[in-house]
$ cat input-v1.txt   # compact mmCIF, C-alpha atoms
# COMPACT_ATOMS: atom_id res chain seq x y z
CA MET T 1 58.87 86.95 73.62
CA ARG T 2 58.97 90.28 71.92
CA LEU T 3 62.05 92.38 72.61
CA ALA T 4 62.04 96.09 71.84
CA LEU T 5 65.38 97.82 71.42
CA LEU T 6 64.67 101.51 71.80
CA GLY T 7 67.52 103.41 70.22
CA GLY T 8 68.13 100.11 68.47
CA THR T 9 69.90 101.88 65.63
CA GLY T 10 72.95 102.70 67.80
CA ASP T 11 75.99 100.54 68.44
CA ILE T 12 74.93 98.45 71.43
CA GLY T 13 71.40 98.25 69.97
CA GLU T 14 72.75 96.90 66.70
CA GLY T 15 74.81 94.21 68.39
CA LEU T 16 71.97 93.09 70.66
CA ALA T 17 69.51 93.06 67.73
CA LEU T 18 71.78 90.92 65.58
CA ARG T 19 72.72 88.49 68.35
CA PHE T 20 69.15 88.11 69.65
CA ALA T 21 67.92 87.63 66.06
CA ARG T 22 70.53 85.00 65.30
CA ASP T 23 70.65 83.11 68.59
CA THR T 24 67.06 83.22 69.90
CA ASP T 25 63.51 82.73 68.70
CA HIS T 26 62.32 86.05 70.03
CA GLU T 27 60.79 88.69 67.84
CA ILE T 28 62.97 91.80 67.66
CA LEU T 29 61.44 95.27 67.43
CA ILE T 30 63.81 98.13 66.64
CA GLY T 31 62.61 101.44 68.02
CA SER T 32 63.75 104.93 67.16
CA ARG T 33 62.33 108.40 67.66
CA ASP T 34 62.19 108.42 63.85
CA PRO T 35 60.45 105.25 62.58
CA GLU T 36 62.05 105.71 59.16
CA LYS T 37 65.48 105.46 60.81
CA ALA T 38 64.35 102.29 62.60
CA ARG T 39 63.23 100.74 59.32
CA ASP T 40 66.53 101.65 57.65
CA ALA T 41 68.43 99.97 60.47
CA VAL T 42 66.21 96.90 60.16
CA ALA T 43 67.00 96.70 56.44
CA ASP T 44 70.74 96.73 57.29
CA TYR T 45 70.35 94.08 60.00
CA GLU T 46 68.31 91.90 57.64
CA ASP T 47 71.04 92.17 54.99
CA ASP T 48 73.65 91.14 57.55
CA LEU T 49 71.55 88.20 58.78
CA GLU T 50 70.45 87.05 55.32
CA ALA T 51 74.04 87.12 54.05
CA ARG T 52 74.56 84.39 56.67
CA GLY T 53 71.55 82.42 55.48
CA LEU T 54 69.52 83.47 58.52
CA GLU T 55 65.94 84.57 58.32
CA ALA T 56 65.45 87.74 60.31
CA ASP T 57 62.43 88.42 62.47
CA VAL T 58 63.19 92.11 62.98
CA LYS T 59 60.81 95.02 62.52
CA GLY T 60 61.19 98.79 62.82
CA PHE T 61 58.86 101.18 64.68
CA ALA T 62 58.67 104.47 66.49
CA ASN T 63 59.83 103.96 70.09
CA GLU T 64 56.27 104.18 71.50
CA MET T 65 54.89 101.50 69.21
CA ALA T 66 57.88 99.20 69.78
CA ALA T 67 57.47 99.57 73.56
CA ASP T 68 53.73 98.97 73.37
CA ARG T 69 54.18 95.62 71.63
CA ALA T 70 57.09 94.31 73.66
CA ASP T 71 57.53 92.10 76.73
CA VAL T 72 61.04 93.41 77.29
CA VAL T 73 62.00 97.00 76.50
CA ILE T 74 65.73 97.71 76.29
CA LEU T 75 66.71 101.37 76.58
CA SER T 76 69.77 101.25 74.31
CA VAL T 77 69.95 105.03 74.09
CA PRO T 78 72.72 107.38 75.24
CA PRO T 79 72.49 108.28 78.96
CA TYR T 80 71.30 111.82 78.26
CA HIS T 81 68.31 110.41 76.35
CA VAL T 82 67.30 107.85 78.99
CA ALA T 83 64.95 110.16 80.91
CA ASP T 84 63.08 111.50 77.88
CA THR T 85 62.86 108.04 76.31
CA VAL T 86 61.27 106.62 79.48
CA GLU T 87 58.89 109.58 79.51
CA ALA T 88 57.98 109.04 75.86
CA VAL T 89 57.06 105.39 76.31
CA GLU T 90 55.78 105.23 79.90
CA ASP T 91 52.13 104.96 78.87
CA GLU T 92 52.96 101.79 76.93
CA LEU T 93 54.60 100.08 79.91
CA ASP T 94 52.93 98.02 82.64
CA GLU T 95 53.81 95.41 85.25
CA GLU T 96 54.17 92.81 82.48
CA THR T 97 56.88 94.78 80.69
CA ILE T 98 60.45 94.54 81.88
CA LEU T 99 62.39 97.75 81.33
CA VAL T 100 66.11 97.09 80.80
CA THR T 101 68.73 99.82 81.05
CA PRO T 102 72.29 99.48 79.70
CA ALA T 103 73.22 103.20 79.74
CA VAL T 104 76.08 104.57 81.84
CA GLY T 105 76.84 108.18 82.81
CA MET T 106 80.43 109.08 82.01
CA LYS T 107 82.59 112.15 81.66
CA GLY T 108 85.76 112.21 79.60
CA ASP T 109 88.90 114.31 80.09
CA GLU T 110 92.50 114.09 78.89
CA ASP T 111 93.17 111.19 81.32
CA GLY T 112 90.32 109.00 80.13
CA MET T 113 86.71 108.27 80.98
CA HIS T 114 85.32 108.65 84.47
CA TYR T 115 82.15 107.28 85.99
CA HIS T 116 79.69 110.12 86.39
CA PRO T 117 76.38 108.79 87.73
CA PRO T 118 73.25 110.88 88.17
CA GLY T 119 72.49 112.16 91.68
CA VAL T 120 70.30 109.16 92.50
CA GLY T 121 73.41 106.93 92.30
CA SER T 122 73.22 105.20 88.92
CA VAL T 123 71.36 105.37 85.62
CA SER T 124 69.60 102.12 86.58
CA GLU T 125 68.18 103.76 89.70
CA LEU T 126 67.27 106.87 87.70
CA VAL T 127 65.27 104.71 85.30
CA ALA T 128 63.53 103.01 88.23
CA GLU T 129 62.68 106.42 89.65
CA GLN T 130 61.28 107.70 86.36
CA ALA T 131 59.40 104.58 85.24
CA PRO T 132 55.85 103.92 86.48
CA ASP T 133 56.01 102.19 89.89
CA GLU T 134 54.59 98.88 88.67
CA VAL T 135 57.18 98.45 85.89
CA PRO T 136 60.10 96.20 86.89
CA VAL T 137 63.48 97.75 86.01
CA VAL T 138 66.60 95.71 85.35
CA GLY T 139 70.12 96.98 84.59
CA ALA T 140 72.07 94.90 82.05
CA TYR T 141 74.40 95.03 79.02
CA HIS T 142 76.46 97.92 80.44
CA ASN T 143 79.88 96.52 79.69
CA LEU T 144 79.48 94.66 76.44
CA ALA T 145 82.04 95.30 73.76
CA ALA T 146 79.73 96.85 71.14
CA GLY T 147 81.92 96.16 68.13
CA LYS T 148 82.44 92.52 69.09
CA LEU T 149 78.71 92.15 69.66
CA ALA T 150 77.82 93.59 66.25
CA ASP T 151 80.31 91.41 64.36
CA LEU T 152 78.49 88.13 63.82
CA ASP T 153 81.65 86.57 62.40
CA LEU T 154 83.20 86.86 65.83
CA GLU T 155 82.73 84.20 68.48
CA PHE T 156 83.17 85.61 71.95
CA ASP T 157 83.16 84.53 75.55
CA LEU T 158 81.95 87.51 77.54
CA ASP T 159 79.98 88.26 80.68
CA THR T 160 77.25 90.78 81.33
CA LEU T 161 76.12 91.87 84.78
CA VAL T 162 72.44 92.06 85.68
CA VAL T 163 70.98 94.08 88.58
CA GLY T 164 67.39 94.49 89.68
CA ASP T 165 65.05 94.58 92.67
CA ASP T 166 62.33 92.39 91.12
CA GLY T 167 63.66 88.85 91.38
CA ASP T 168 61.40 87.39 88.68
CA ALA T 169 62.17 90.13 86.19
CA LYS T 170 65.89 89.82 86.89
CA LYS T 171 65.74 86.06 86.43
CA ARG T 172 64.01 86.48 83.07
CA ILE T 173 66.70 88.88 81.84
CA LEU T 174 69.45 86.57 83.12
CA ASP T 175 67.87 83.67 81.19
CA LEU T 176 67.26 85.78 78.09
CA SER T 177 70.86 87.02 78.09
CA ASN T 178 72.23 83.52 78.46
CA GLU T 179 70.46 82.60 75.19
CA ILE T 180 73.05 84.67 73.32
CA GLU T 181 75.88 82.36 72.30
CA GLY T 182 79.08 83.05 74.21
CA LEU T 183 77.41 85.45 76.62
CA ARG T 184 77.14 84.60 80.32
CA ALA T 185 74.86 86.70 82.46
CA LEU T 186 75.77 87.11 86.13
CA ASP T 187 73.64 88.47 88.94
CA ALA T 188 75.22 91.51 90.59
CA GLY T 189 72.41 92.03 93.09
CA PRO T 190 69.73 94.67 93.52
CA LEU T 191 69.58 98.10 91.85
CA ALA T 192 71.49 99.51 94.82
CA ASN T 193 74.51 97.65 93.40
CA ALA T 194 74.10 99.15 89.90
CA ALA T 195 76.81 101.80 90.30
CA GLU T 196 79.55 99.19 90.70
CA ALA T 197 78.36 97.38 87.55
CA GLU T 198 77.94 100.57 85.51
CA SER T 199 81.36 101.94 86.49
CA VAL T 200 83.09 99.14 84.60
CA THR T 201 82.16 100.90 81.34
CA PRO T 202 84.55 103.87 81.66
CA LEU T 203 87.18 101.40 82.86
CA VAL T 204 87.04 99.23 79.72
CA ILE T 205 87.38 102.42 77.66
CA ASN T 206 90.47 103.39 79.66
CA ILE T 207 91.97 99.92 79.27
CA ALA T 208 91.45 100.18 75.49
CA LYS T 209 93.09 103.61 75.50
CA TYR T 210 96.22 102.69 77.43
CA ASN T 211 97.12 99.24 76.13
CA ASP T 212 98.33 98.23 72.69
CA ASP T 213 96.18 95.82 70.75
CA MET T 214 93.23 96.17 73.07
CA HIS T 215 90.16 97.87 71.74
CA ASP T 216 86.51 97.25 72.23
CA VAL T 217 87.31 95.54 75.51
CA GLY T 218 84.84 93.25 77.28
CA VAL T 219 85.08 91.41 80.56
CA LYS T 220 85.05 87.92 82.00
CA TRP T 221 84.68 87.32 85.75
CA ILE T 222 86.66 84.25 86.79
CA MET P 1 114.92 94.11 93.38
CA ARG P 2 113.75 94.12 96.94
CA LEU P 3 110.00 94.10 97.41
CA ALA P 4 108.48 95.05 100.76
CA LEU P 5 104.95 93.89 101.50
CA LEU P 6 103.77 96.07 104.38
CA GLY P 7 100.88 94.33 106.02
CA GLY P 8 102.30 91.30 104.26
CA THR P 9 100.72 89.00 106.83
CA GLY P 10 97.19 89.64 105.45
CA ASP P 11 95.44 87.84 102.63
CA ILE P 12 96.53 89.80 99.58
CA GLY P 13 99.99 90.20 101.13
CA GLU P 14 100.30 86.45 101.58
CA GLY P 15 99.34 85.73 97.97
CA LEU P 16 101.69 88.33 96.54
CA ALA P 17 104.54 87.16 98.80
CA LEU P 18 104.13 83.53 97.76
CA ARG P 19 103.77 84.26 94.05
CA PHE P 20 106.65 86.75 93.94
CA ALA P 21 108.82 84.31 95.89
CA ARG P 22 107.99 81.43 93.59
CA ASP P 23 107.93 83.17 90.21
CA THR P 24 110.59 85.87 90.46
CA ASP P 25 114.17 86.35 91.66
CA HIS P 26 113.31 89.32 93.83
CA GLU P 27 113.97 89.41 97.53
CA ILE P 28 110.73 89.56 99.52
CA LEU P 29 110.50 91.53 102.75
CA ILE P 30 107.39 91.01 104.84
CA GLY P 31 106.51 94.02 106.96
CA SER P 32 104.18 94.28 109.91
CA ARG P 33 103.69 96.78 112.72
CA ASP P 34 104.74 93.88 114.92
CA PRO P 35 108.01 92.37 113.58
CA GLU P 36 107.30 89.14 115.47
CA LYS P 37 104.09 88.74 113.47
CA ALA P 38 106.05 89.34 110.26
CA ARG P 39 108.55 86.64 111.17
CA ASP P 40 105.74 84.19 112.01
CA ALA P 41 104.17 84.82 108.61
CA VAL P 42 107.55 84.32 106.93
CA ALA P 43 107.90 80.96 108.67
CA ASP P 44 104.50 79.93 107.27
CA TYR P 45 105.35 81.12 103.77
CA GLU P 46 108.68 79.30 103.89
CA ASP P 47 106.92 76.09 104.91
CA ASP P 48 104.52 76.47 101.99
CA LEU P 49 107.33 77.15 99.52
CA GLU P 50 109.69 74.48 100.86
CA ALA P 51 106.92 71.88 100.71
CA ARG P 52 107.05 72.54 96.97
CA GLY P 53 110.83 72.18 96.84
CA LEU P 54 111.31 75.92 96.47
CA GLU P 55 113.92 77.87 98.33
CA ALA P 56 112.37 80.96 99.83
CA ASP P 57 114.07 84.33 99.93
CA VAL P 58 111.59 85.92 102.33
CA LYS P 59 112.40 87.89 105.48
CA GLY P 60 110.27 89.50 108.18
CA PHE P 61 110.70 93.02 109.61
CA ALA P 62 108.89 95.91 111.21
CA ASN P 63 107.22 97.99 108.48
CA GLU P 64 109.78 100.80 108.77
CA MET P 65 112.76 98.53 108.29
CA ALA P 66 111.15 96.65 105.41
CA ALA P 67 110.34 99.96 103.68
CA ASP P 68 113.86 101.28 104.26
CA ARG P 69 115.44 98.30 102.50
CA ALA P 70 113.06 98.02 99.59
CA ASP P 71 112.92 99.31 96.01
CA VAL P 72 109.18 98.68 95.83
CA VAL P 73 106.93 99.11 98.86
CA ILE P 74 103.48 97.53 98.58
CA LEU P 75 100.89 98.84 101.05
CA SER P 76 98.92 95.62 101.46
CA VAL P 77 97.08 96.92 104.51
CA PRO P 78 93.35 97.56 105.02
CA PRO P 79 92.18 100.95 103.66
CA TYR P 80 91.76 102.42 107.15
CA HIS P 81 95.45 101.72 107.88
CA VAL P 82 96.80 103.17 104.64
CA ALA P 83 97.27 106.71 105.95
CA ASP P 84 99.02 105.76 109.19
CA THR P 85 101.19 103.18 107.42
CA VAL P 86 102.38 105.80 104.92
CA GLU P 87 103.07 108.16 107.82
CA ALA P 88 104.99 105.47 109.70
CA VAL P 89 107.35 104.72 106.82
CA GLU P 90 107.60 108.06 104.99
CA ASP P 91 111.09 108.83 106.28
CA GLU P 92 112.31 105.59 104.69
CA LEU P 93 110.96 106.47 101.24
CA ASP P 94 112.64 108.52 98.50
CA GLU P 95 112.42 109.07 94.74
CA GLU P 96 114.00 105.66 94.17
CA THR P 97 111.25 103.82 96.06
CA ILE P 98 107.99 103.02 94.27
CA LEU P 99 105.03 103.04 96.61
CA VAL P 100 102.29 100.63 95.45
CA THR P 101 98.74 100.77 96.80
CA PRO P 102 96.21 97.95 96.38
CA ALA P 103 93.69 99.10 99.04
CA VAL P 104 90.10 100.02 98.21
CA GLY P 105 87.56 101.96 100.29
CA MET P 106 84.28 100.05 100.57
CA LYS P 107 81.11 100.08 102.62
CA GLY P 108 78.91 97.04 103.02
CA ASP P 109 75.16 96.85 103.59
CA GLU P 110 72.51 94.17 103.18
CA ASP P 111 72.64 94.55 99.37
CA GLY P 112 76.35 94.03 99.05
CA MET P 113 79.56 96.04 98.92
CA HIS P 114 79.70 99.57 97.60
CA TYR P 115 82.63 101.63 96.45
CA HIS P 116 83.33 104.26 99.08
CA PRO P 117 86.40 106.28 98.12
CA PRO P 118 88.00 108.93 100.30
CA GLY P 119 87.18 112.56 99.49
CA VAL P 120 90.20 112.97 97.26
CA GLY P 121 88.63 110.45 94.83
CA SER P 122 90.44 107.17 95.43
CA VAL P 123 92.79 105.49 97.90
CA SER P 124 95.53 105.69 95.25
CA GLU P 125 95.20 109.48 95.12
CA LEU P 126 95.07 109.62 98.93
CA VAL P 127 98.37 107.76 99.11
CA ALA P 128 99.88 110.14 96.54
CA GLU P 129 98.71 113.06 98.64
CA GLN P 130 100.15 111.65 101.86
CA ALA P 131 103.46 110.34 100.53
CA PRO P 132 106.46 112.66 100.22
CA ASP P 133 106.26 114.54 96.88
CA GLU P 134 109.28 112.86 95.33
CA VAL P 135 107.99 109.30 95.91
CA PRO P 136 106.27 107.80 92.84
CA VAL P 137 102.91 106.22 93.70
CA VAL P 138 101.34 103.41 91.67
CA GLY P 139 97.96 101.74 92.20
CA ALA P 140 97.89 97.99 91.50
CA TYR P 141 96.60 94.60 92.73
CA HIS P 142 93.16 95.96 93.68
CA ASN P 143 91.09 93.22 92.11
CA LEU P 144 93.11 90.08 92.61
CA ALA P 145 91.32 87.06 93.97
CA ALA P 146 93.24 86.72 97.25
CA GLY P 147 92.44 83.06 97.86
CA LYS P 148 93.43 82.07 94.32
CA LEU P 149 96.64 84.07 94.66
CA ALA P 150 97.60 82.41 97.94
CA ASP P 151 96.96 78.86 96.67
CA LEU P 152 100.15 77.91 94.88
CA ASP P 153 98.54 74.70 93.63
CA LEU P 154 96.22 76.80 91.53
CA GLU P 155 97.15 78.00 88.06
CA PHE P 156 95.24 81.09 87.11
CA ASP P 157 94.84 83.48 84.21
CA LEU P 158 93.99 86.85 85.75
CA ASP P 159 94.52 90.52 85.07
CA THR P 160 95.55 93.32 87.35
CA LEU P 161 95.13 97.01 86.55
CA VAL P 162 97.94 99.48 87.14
CA VAL P 163 97.54 103.26 87.46
CA GLY P 164 100.13 105.95 88.07
CA ASP P 165 101.32 109.39 87.04
CA ASP P 166 105.04 108.52 86.89
CA GLY P 167 105.46 106.64 83.62
CA ASP P 168 108.75 104.94 84.57
CA ALA P 169 107.45 103.77 87.94
CA LYS P 170 104.24 102.49 86.36
CA LYS P 171 106.23 100.64 83.70
CA ARG P 172 108.37 98.98 86.38
CA ILE P 173 105.28 97.77 88.26
CA LEU P 174 103.67 96.55 85.03
CA ASP P 175 106.83 94.56 84.24
CA LEU P 176 107.17 93.28 87.81
CA SER P 177 103.54 92.14 87.86
CA ASN P 178 103.88 90.35 84.55
CA GLU P 179 106.63 88.22 86.12
CA ILE P 180 103.95 86.42 88.15
CA GLU P 181 102.87 83.37 86.20
CA GLY P 182 99.33 83.69 84.85
CA LEU P 183 99.04 87.34 85.80
CA ARG P 184 98.72 89.99 83.10
CA ALA P 185 99.16 93.62 84.13
CA LEU P 186 97.27 96.25 82.16
CA ASP P 187 97.75 100.00 82.16
CA ALA P 188 94.59 101.83 83.23
CA GLY P 189 96.12 105.30 82.92
CA PRO P 190 97.09 107.97 85.46
CA LEU P 191 96.07 108.16 89.13
CA ALA P 192 93.04 110.20 88.06
CA ASN P 193 91.67 106.92 86.65
CA ALA P 194 92.22 104.98 89.90
CA ALA P 195 88.59 105.17 91.06
CA GLU P 196 87.36 103.13 88.10
CA ALA P 197 89.99 100.46 88.76
CA GLU P 198 89.40 100.38 92.53
CA SER P 199 85.62 100.16 92.19
CA VAL P 200 85.90 96.71 90.61
CA THR P 201 86.72 95.32 94.07
CA PRO P 202 83.23 95.71 95.62
CA LEU P 203 81.82 94.42 92.33
CA VAL P 204 83.72 91.12 92.44
CA ILE P 205 82.52 90.67 96.03
CA ASN P 206 78.92 91.24 94.87
CA ILE P 207 79.33 88.79 91.99
CA ALA P 208 80.60 86.17 94.45
CA LYS P 209 77.63 86.87 96.73
CA TYR P 210 74.89 86.56 94.12
CA ASN P 211 76.05 83.69 91.92
CA ASP P 212 76.34 80.01 92.75
CA ASP P 213 79.77 78.47 92.50
CA MET P 214 81.54 81.79 92.22
CA HIS P 215 83.72 82.84 95.08
CA ASP P 216 87.00 84.66 95.24
CA VAL P 217 86.24 86.16 91.84
CA GLY P 218 88.96 87.71 89.66
CA VAL P 219 88.77 89.42 86.31
CA LYS P 220 90.04 89.10 82.76
CA TRP P 221 89.66 91.95 80.28
CA ILE P 222 89.15 90.60 76.78

$ encode --input "input-v1.txt" --output "structure tokens"
Amino acid sequence: MRLALLGGTGDIGEGLALRFARDTDHEILIGSRDPEKARDAVADYEDDLEARGLEADVKGFANEMAADRADVVILSVPPYHVADTVEAVEDELDEETILVTPAVGMKGDEDGMHYHPPGVGSVSELVAEQAPDEVPVVGAYHNLAAGKLADLDLEFDLDTLVVGDDGDAKKRILDLSNEIEGLRALDAGPLANAAEAESVTPLVINIAKYNDDMHDVGVKWI
Amino acid sequence: MRLALLGGTGDIGEGLALRFARDTDHEILIGSRDPEKARDAVADYEDDLEARGLEADVKGFANEMAADRADVVILSVPPYHVADTVEAVEDELDEETILVTPAVGMKGDEDGMHYHPPGVGSVSELVAEQAPDEVPVVGAYHNLAAGKLADLDLEFDLDTLVVGDDGDAKKRILDLSNEIEGLRALDAGPLANAAEAESVTPLVINIAKYNDDMHDVGVKWI
């Protein structure tokens, strides 16, 4: 498969790119609004992978071109760029392309981070509303510890939650996610359940803030 | 210390009673609206503990009397009984009594469970609003796997999140919780952060619903 990471130059994008490149046979396309920035990120990821004796199958593109070529398009952009990113690439999407959304709406204050979803209930549902009707939308990778993900020297044992209304698309993202070593993907139900999965993200930030020796916190459901 | 479990005849109350009785030196008071029901539950808990060669220091009372005698009062009642339980016992509380709230507002539909907090933002904040001003309120034990907790044959390795505005009271509940074998208590910040901690409860129910071989799911933050 070809996986496009739009906004693949950011922190969660970097970690997913490196782990997918190392642990799977899929072709990785890094997308950015600025293709030059995508290619720079690819050069960094290749250095990181090659330093470990791994051959990298990672390429950099403008978001539209990355989306056009991909079977799975992961919107690893900040929540306030989700809507315009979907708009920018919607002509390149069809019923064969799974659109994956990891973004979470949050608001910070002096107490910590708080879940702050869009009016429709969750970013996942917002993406589903904005994407062309025939494009299956799946929420995933909301609560991954980005730093742990991006550090290939680190072995981890983490879970990610997957939500979606299209059973086949959800199953494919569950299977794809389970290909990453140490990552277990769990089904959290349809998109209507996305808010509960997304709201773990401000919580892990609060746990990191209030406890010594915890930072970049991930989660395991047991 | 004396710990009162109001509604201590229910599932989370049972688990906490058994674990506190087994793993700590604290005196456990089971409270119920019906003292006879509390004493019946105590008889069951004593059987369970004595079958393991453990002497039980557990007693049953009406909620008011349990609250009056306790240093820590845990409101292990369903969310729709939180307000009237606080009202029933408020004359027995003072600044020396820590009021602990594990309840979570939820609404179920065909997709799963959804977080459904009261207007004030969370059950923890509702309790703080309803309790006398001088009584410190702490949110804890929201996301414990009740069946695992109540099965003393089971060793577990689970986390619980603790929120509160009174630093000393929160610290005492963190320390108390850490006395339970296999339980790690983490600070999730002030009461303003309670919603993010509470909303994990519908999520664990959804994870149990949608994944094979997962039931009575708990959580570990790593």

$ interface_residues --input "input-v1.txt" --of "chain T" --to "chain P" --cutoff "9 Å" --atoms "only C-alpha atoms" --output "ChimeraX atom specification"
/T:111-115,157-158,161,186-193,195-197,199-204,206-211,214-222

$ write_last_selection --input "input-v1.txt" --atoms "C-alpha atoms" --output "PDB file, keeping the file's coordinate frame"
ATOM      1  CA  ASP T 111      93.170 111.190  81.320  1.00  0.00           C
ATOM      2  CA  GLY T 112      90.320 109.000  80.130  1.00  0.00           C
ATOM      3  CA  MET T 113      86.710 108.270  80.980  1.00  0.00           C
ATOM      4  CA  HIS T 114      85.320 108.650  84.470  1.00  0.00           C
ATOM      5  CA  TYR T 115      82.150 107.280  85.990  1.00  0.00           C
ATOM      6  CA  ASP T 157      83.160  84.530  75.550  1.00  0.00           C
ATOM      7  CA  LEU T 158      81.950  87.510  77.540  1.00  0.00           C
ATOM      8  CA  LEU T 161      76.120  91.870  84.780  1.00  0.00           C
ATOM      9  CA  LEU T 186      75.770  87.110  86.130  1.00  0.00           C
ATOM     10  CA  ASP T 187      73.640  88.470  88.940  1.00  0.00           C
ATOM     11  CA  ALA T 188      75.220  91.510  90.590  1.00  0.00           C
ATOM     12  CA  GLY T 189      72.410  92.030  93.090  1.00  0.00           C
ATOM     13  CA  PRO T 190      69.730  94.670  93.520  1.00  0.00           C
ATOM     14  CA  LEU T 191      69.580  98.100  91.850  1.00  0.00           C
ATOM     15  CA  ALA T 192      71.490  99.510  94.820  1.00  0.00           C
ATOM     16  CA  ASN T 193      74.510  97.650  93.400  1.00  0.00           C
ATOM     17  CA  ALA T 195      76.810 101.800  90.300  1.00  0.00           C
ATOM     18  CA  GLU T 196      79.550  99.190  90.700  1.00  0.00           C
ATOM     19  CA  ALA T 197      78.360  97.380  87.550  1.00  0.00           C
ATOM     20  CA  SER T 199      81.360 101.940  86.490  1.00  0.00           C
ATOM     21  CA  VAL T 200      83.090  99.140  84.600  1.00  0.00           C
ATOM     22  CA  THR T 201      82.160 100.900  81.340  1.00  0.00           C
ATOM     23  CA  PRO T 202      84.550 103.870  81.660  1.00  0.00           C
ATOM     24  CA  LEU T 203      87.180 101.400  82.860  1.00  0.00           C
ATOM     25  CA  VAL T 204      87.040  99.230  79.720  1.00  0.00           C
ATOM     26  CA  ASN T 206      90.470 103.390  79.660  1.00  0.00           C
ATOM     27  CA  ILE T 207      91.970  99.920  79.270  1.00  0.00           C
ATOM     28  CA  ALA T 208      91.450 100.180  75.490  1.00  0.00           C
ATOM     29  CA  LYS T 209      93.090 103.610  75.500  1.00  0.00           C
ATOM     30  CA  TYR T 210      96.220 102.690  77.430  1.00  0.00           C
ATOM     31  CA  ASN T 211      97.120  99.240  76.130  1.00  0.00           C
ATOM     32  CA  MET T 214      93.230  96.170  73.070  1.00  0.00           C
ATOM     33  CA  HIS T 215      90.160  97.870  71.740  1.00  0.00           C
ATOM     34  CA  ASP T 216      86.510  97.250  72.230  1.00  0.00           C
ATOM     35  CA  VAL T 217      87.310  95.540  75.510  1.00  0.00           C
ATOM     36  CA  GLY T 218      84.840  93.250  77.280  1.00  0.00           C
ATOM     37  CA  VAL T 219      85.080  91.410  80.560  1.00  0.00           C
ATOM     38  CA  LYS T 220      85.050  87.920  82.000  1.00  0.00           C
ATOM     39  CA  TRP T 221      84.680  87.320  85.750  1.00  0.00           C
ATOM     40  CA  ILE T 222      86.660  84.250  86.790  1.00  0.00           C
TER      41      ILE T 222
END

$ atom_distance --input "input-v1.txt" --atom1 "atom CA of Ala67 of chain T" --atom2 "atom CA of Asp91 of chain T"
9.3 Å

$ closest_residue --input "input-v1.txt" --among "T:Glu95, T:Glu134, T:Glu125, T:Asp168" --to "Asp71 of chain T" --atoms "all atoms listed in the file"
T:Glu95

$ residues_around --input "input-v1.txt" --residues "segment 100-104 of chain T" --least-positions-apart "6" --cutoff "7 Å" --atoms "all atoms listed in the file" --output "PDB file with C-alpha atoms, in the coordinates of the input"
ATOM      1  CA  VAL T  73      62.000  97.000  76.500  1.00  0.00           C
ATOM      2  CA  ILE T  74      65.730  97.710  76.290  1.00  0.00           C
ATOM      3  CA  LEU T  75      66.710 101.370  76.580  1.00  0.00           C
ATOM      4  CA  SER T  76      69.770 101.250  74.310  1.00  0.00           C
ATOM      5  CA  VAL T  77      69.950 105.030  74.090  1.00  0.00           C
ATOM      6  CA  PRO T  78      72.720 107.380  75.240  1.00  0.00           C
ATOM      7  CA  PRO T  79      72.490 108.280  78.960  1.00  0.00           C
ATOM      8  CA  VAL T 123      71.360 105.370  85.620  1.00  0.00           C
ATOM      9  CA  SER T 124      69.600 102.120  86.580  1.00  0.00           C
ATOM     10  CA  VAL T 137      63.480  97.750  86.010  1.00  0.00           C
ATOM     11  CA  VAL T 138      66.600  95.710  85.350  1.00  0.00           C
ATOM     12  CA  GLY T 139      70.120  96.980  84.590  1.00  0.00           C
ATOM     13  CA  ALA T 140      72.070  94.900  82.050  1.00  0.00           C
ATOM     14  CA  TYR T 141      74.400  95.030  79.020  1.00  0.00           C
ATOM     15  CA  HIS T 142      76.460  97.920  80.440  1.00  0.00           C
ATOM     16  CA  GLU T 198      77.940 100.570  85.510  1.00  0.00           C
TER      17      GLU T 198
END

$ atom_distance --input "input-v1.txt" --atom1 "atom CA of Asp23 of chain P" --atom2 "atom CA of Asp44 of chain P"
17.7 Å

$ residues_around --input "input-v1.txt" --residues "Asp25 of chain T" --least-positions-apart "3" --cutoff "8 Å" --atoms "all atoms listed in the file" --output "PyMOL selection string"
chain T and resi 1+20-21

$ residues_around --input "input-v1.txt" --residues "Phe61 of chain T" --least-positions-apart "6" --cutoff "6 Å" --atoms "only C-alpha atoms" --output "count of residues only"
3

$ residues_around --input "input-v1.txt" --residues "Val135 of chain T" --least-positions-apart "6" --cutoff "8 Å" --atoms "all atoms listed in the file" --output "short mmCIF file (atom, residue, chain, number, x, y, z; two decimals) with C-alpha atoms, in the coordinates of the input"
data_model
loop_
_atom_site.label_atom_id
_atom_site.label_comp_id
_atom_site.auth_asym_id
_atom_site.auth_seq_id
_atom_site.Cartn_x
_atom_site.Cartn_y
_atom_site.Cartn_z
CA LEU T 93 54.60 100.08 79.91
CA ASP T 94 52.93 98.02 82.64
CA GLU T 95 53.81 95.41 85.25
CA GLU T 96 54.17 92.81 82.48
CA THR T 97 56.88 94.78 80.69
CA ILE T 98 60.45 94.54 81.88
CA LEU T 99 62.39 97.75 81.33
#

$ residues_around --input "input-v1.txt" --residues "Glu50 of chain P" --least-positions-apart "6" --cutoff "12 Å" --atoms "only C-alpha atoms" --output "list in words"
Leu18, Ala21, Arg22, Val42, Ala43, Asp44, Ala56, Asp57, Val58 and Leu152 of chain P

$ atom_distance --input "input-v1.txt" --atom1 "atom CA of Ser122 of chain T" --atom2 "atom CA of Asp159 of chain P"
26.2 Å

$ axis_aligned_box --input "input-v1.txt" --around "segment 35-44 of chain T" --padding-each-side "4 Å" --output "AutoDock Vina command-line options"
--center_x 65.6 --center_y 101.2 --center_z 59.5 --size_x 18.3 --size_y 17.0 --size_z 14.2
